[in-house]
Every structure is written in structure tokens, then in C-alpha cells.
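What follows is the content of final.cif (mmCIF, N, CA and C atoms).
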data_my_file
loop_
_atom_site.label_atom_id
_atom_site.label_comp_id
_atom_site.auth_asym_id
_atom_site.auth_seq_id
_atom_site.Cartn_x
_atom_site.Cartn_y
_atom_site.Cartn_z
N MET A 1 -24.27 19.50 -61.39
CA MET A 1 -24.07 19.38 -59.96
C MET A 1 -22.92 20.31 -59.56
N ASN A 2 -23.19 21.16 -58.60
CA ASN A 2 -22.14 22.09 -58.19
C ASN A 2 -21.22 21.44 -57.14
N PHE A 3 -20.23 22.16 -56.78
CA PHE A 3 -19.17 21.64 -55.90
C PHE A 3 -19.72 21.20 -54.54
N LEU A 4 -20.56 22.02 -53.93
CA LEU A 4 -21.10 21.69 -52.61
C LEU A 4 -21.97 20.44 -52.65
N GLU A 5 -22.74 20.29 -53.71
CA GLU A 5 -23.58 19.10 -53.84
C GLU A 5 -22.72 17.85 -53.98
N ARG A 6 -21.63 17.95 -54.69
CA ARG A 6 -20.72 16.81 -54.85
C ARG A 6 -20.08 16.44 -53.51
N ILE A 7 -19.69 17.45 -52.73
CA ILE A 7 -19.11 17.19 -51.40
C ILE A 7 -20.15 16.51 -50.50
N LYS A 8 -21.38 17.01 -50.52
CA LYS A 8 -22.44 16.41 -49.71
C LYS A 8 -22.69 14.96 -50.11
N SER A 9 -22.68 14.69 -51.39
CA SER A 9 -22.91 13.31 -51.83
C SER A 9 -21.76 12.39 -51.43
N LEU A 10 -20.54 12.91 -51.42
CA LEU A 10 -19.40 12.11 -50.99
C LEU A 10 -19.47 11.82 -49.49
N VAL A 11 -19.93 12.80 -48.71
CA VAL A 11 -20.05 12.61 -47.27
C VAL A 11 -21.13 11.58 -46.96
N LYS A 12 -22.22 11.61 -47.69
CA LYS A 12 -23.32 10.68 -47.46
C LYS A 12 -22.99 9.27 -47.96
N ASP A 13 -22.09 9.15 -48.90
CA ASP A 13 -21.74 7.85 -49.48
C ASP A 13 -20.95 7.03 -48.46
N ASP A 14 -21.49 5.90 -48.03
CA ASP A 14 -20.81 5.09 -47.03
C ASP A 14 -20.10 3.88 -47.64
N SER A 15 -20.00 3.80 -48.95
CA SER A 15 -19.29 2.67 -49.55
C SER A 15 -17.79 2.77 -49.32
N GLY A 16 -17.28 3.96 -49.07
CA GLY A 16 -15.86 4.14 -48.81
C GLY A 16 -15.43 3.61 -47.46
N ILE A 17 -16.38 3.42 -46.57
CA ILE A 17 -16.05 2.90 -45.25
C ILE A 17 -15.44 1.51 -45.37
N SER A 18 -15.96 0.70 -46.25
CA SER A 18 -15.43 -0.64 -46.44
C SER A 18 -13.98 -0.59 -46.92
N ALA A 19 -13.70 0.33 -47.81
CA ALA A 19 -12.34 0.46 -48.32
C ALA A 19 -11.37 0.86 -47.21
N VAL A 20 -11.81 1.73 -46.32
CA VAL A 20 -10.97 2.15 -45.20
C VAL A 20 -10.73 0.97 -44.26
N GLU A 21 -11.76 0.21 -44.00
CA GLU A 21 -11.60 -0.96 -43.13
C GLU A 21 -10.65 -1.97 -43.74
N TYR A 22 -10.76 -2.21 -45.04
CA TYR A 22 -9.85 -3.14 -45.70
C TYR A 22 -8.41 -2.60 -45.67
N ALA A 23 -8.24 -1.32 -45.83
CA ALA A 23 -6.91 -0.73 -45.80
C ALA A 23 -6.28 -0.88 -44.41
N LEU A 24 -7.06 -0.66 -43.36
CA LEU A 24 -6.55 -0.84 -42.00
C LEU A 24 -6.20 -2.30 -41.73
N LEU A 25 -7.04 -3.20 -42.17
CA LEU A 25 -6.78 -4.62 -42.00
C LEU A 25 -5.51 -5.02 -42.74
N LEU A 26 -5.35 -4.54 -43.94
CA LEU A 26 -4.15 -4.84 -44.73
C LEU A 26 -2.90 -4.28 -44.05
N ALA A 27 -3.00 -3.09 -43.48
CA ALA A 27 -1.86 -2.50 -42.79
C ALA A 27 -1.48 -3.32 -41.56
N LEU A 28 -2.46 -3.80 -40.81
CA LEU A 28 -2.17 -4.62 -39.63
C LEU A 28 -1.54 -5.95 -40.02
N ILE A 29 -2.06 -6.56 -41.07
CA ILE A 29 -1.49 -7.83 -41.54
C ILE A 29 -0.07 -7.60 -42.03
N GLY A 30 0.15 -6.53 -42.76
CA GLY A 30 1.49 -6.22 -43.26
C GLY A 30 2.47 -5.99 -42.12
N ALA A 31 2.04 -5.30 -41.08
CA ALA A 31 2.91 -5.07 -39.93
C ALA A 31 3.24 -6.38 -39.23
N GLY A 32 2.27 -7.27 -39.14
CA GLY A 32 2.52 -8.58 -38.53
C GLY A 32 3.51 -9.40 -39.33
N ILE A 33 3.36 -9.38 -40.65
CA ILE A 33 4.28 -10.12 -41.51
C ILE A 33 5.68 -9.54 -41.42
N ALA A 34 5.78 -8.22 -41.41
CA ALA A 34 7.10 -7.58 -41.31
C ALA A 34 7.77 -7.91 -39.98
N THR A 35 7.01 -7.90 -38.91
CA THR A 35 7.56 -8.23 -37.60
C THR A 35 8.04 -9.68 -37.55
N ALA A 36 7.22 -10.58 -38.09
CA ALA A 36 7.61 -12.00 -38.10
C ALA A 36 8.85 -12.21 -38.96
N ALA A 37 8.91 -11.57 -40.11
CA ALA A 37 10.06 -11.73 -40.99
C ALA A 37 11.33 -11.19 -40.33
N PHE A 38 11.22 -10.08 -39.65
CA PHE A 38 12.38 -9.49 -38.97
C PHE A 38 12.87 -10.42 -37.86
N THR A 39 11.93 -10.94 -37.06
CA THR A 39 12.28 -11.82 -35.95
C THR A 39 12.87 -13.13 -36.46
N LEU A 40 12.21 -13.75 -37.40
CA LEU A 40 12.69 -15.02 -37.93
C LEU A 40 13.98 -14.85 -38.73
N GLY A 41 14.14 -13.71 -39.35
CA GLY A 41 15.36 -13.45 -40.12
C GLY A 41 16.60 -13.53 -39.26
N GLY A 42 16.54 -12.97 -38.07
CA GLY A 42 17.67 -13.02 -37.15
C GLY A 42 17.96 -14.44 -36.70
N GLN A 43 16.91 -15.21 -36.43
CA GLN A 43 17.09 -16.59 -36.00
C GLN A 43 17.67 -17.44 -37.12
N VAL A 44 17.19 -17.24 -38.33
CA VAL A 44 17.70 -18.00 -39.48
C VAL A 44 19.16 -17.66 -39.72
N GLN A 45 19.51 -16.41 -39.62
CA GLN A 45 20.90 -15.99 -39.81
C GLN A 45 21.81 -16.65 -38.78
N THR A 46 21.38 -16.69 -37.53
CA THR A 46 22.16 -17.33 -36.48
C THR A 46 22.34 -18.81 -36.76
N ASN A 47 21.28 -19.48 -37.19
CA ASN A 47 21.36 -20.91 -37.49
C ASN A 47 22.29 -21.18 -38.67
N ILE A 48 22.24 -20.35 -39.68
CA ILE A 48 23.13 -20.54 -40.83
C ILE A 48 24.58 -20.32 -40.43
N GLU A 49 24.84 -19.31 -39.63
CA GLU A 49 26.21 -19.06 -39.17
C GLU A 49 26.72 -20.23 -38.33
N THR A 50 25.87 -20.80 -37.47
CA THR A 50 26.25 -21.95 -36.66
C THR A 50 26.57 -23.15 -37.54
N ALA A 51 25.71 -23.41 -38.52
CA ALA A 51 25.92 -24.54 -39.42
C ALA A 51 27.20 -24.36 -40.23
N THR A 52 27.45 -23.14 -40.70
CA THR A 52 28.66 -22.86 -41.47
C THR A 52 29.91 -23.10 -40.62
N THR A 53 29.87 -22.65 -39.39
CA THR A 53 31.00 -22.86 -38.47
C THR A 53 31.23 -24.35 -38.23
N GLU A 54 30.17 -25.11 -38.02
CA GLU A 54 30.30 -26.54 -37.77
C GLU A 54 30.85 -27.26 -38.99
N LEU A 55 30.37 -26.90 -40.17
CA LEU A 55 30.83 -27.56 -41.41
C LEU A 55 32.30 -27.21 -41.72
N ALA A 56 32.74 -26.07 -41.28
CA ALA A 56 34.12 -25.65 -41.53
C ALA A 56 35.07 -26.19 -40.46
N GLY A 57 34.60 -27.12 -39.62
CA GLY A 57 35.45 -27.66 -38.56
C GLY A 57 35.52 -26.71 -37.40
N GLY A 58 34.37 -26.17 -37.08
CA GLY A 58 34.27 -25.10 -36.09
C GLY A 58 34.81 -25.38 -34.74
N GLU A 59 34.72 -24.38 -33.96
CA GLU A 59 35.31 -24.37 -32.63
C GLU A 59 34.37 -24.91 -31.59
#
Go ahead and render the structure in this file as C-alpha cells.
Amino acid sequence: MNFLERIKSLVKDDSGISAVEYALLLALIGAGIATAAFTLGGQVQTNIETATTELAGGE
């Protein structure tokens, strides 16, 4: 099989479409998790600082 025939067979092969869809879905889920972790991280940090201040006889 020569180079052009291999390229044509790769273009006709539609099994890679599923892999692309899964990769996009994984990227969207990862972005959602990262956003949630960033948002919740700030809230958790604030709550821990408040609790630490209260336990230390805070102001």
C-alpha cells in the first residue's frame, strides 16, 4: 500500500470520530472540575481562616 492509499484509508475511516468526541467531552468535564475546584478552594480557605481566628480567640 502506497502513501496516498494509506492517507485515503485514514480519511475514510470514521472510527476516529468517536475518539475525538470522547476527547472533547473529557476536556469539557475537566474544565468544569477545574472551575469548581478553584471556586470551592477559595471558599474553603476563607472558612478555614475564619475558624482558625475564632479558635484563637479571634476578634
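Rounded to one decimal, atom CA of Gly42 of chain A and atom N of Leu26 of chain A lie 25.5 Å from each other.
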**Request:** DSSP on the backbone, then: every residue of chain A marked alpha helix (DSSP H), written as number ranges by chain.
**Result:** A: 3-12, 16-55
**Fill in**
Expressed in Å, the length from atom C of Thr46 of chain A to atom C of Gly30 of chain A is 24.2 Å
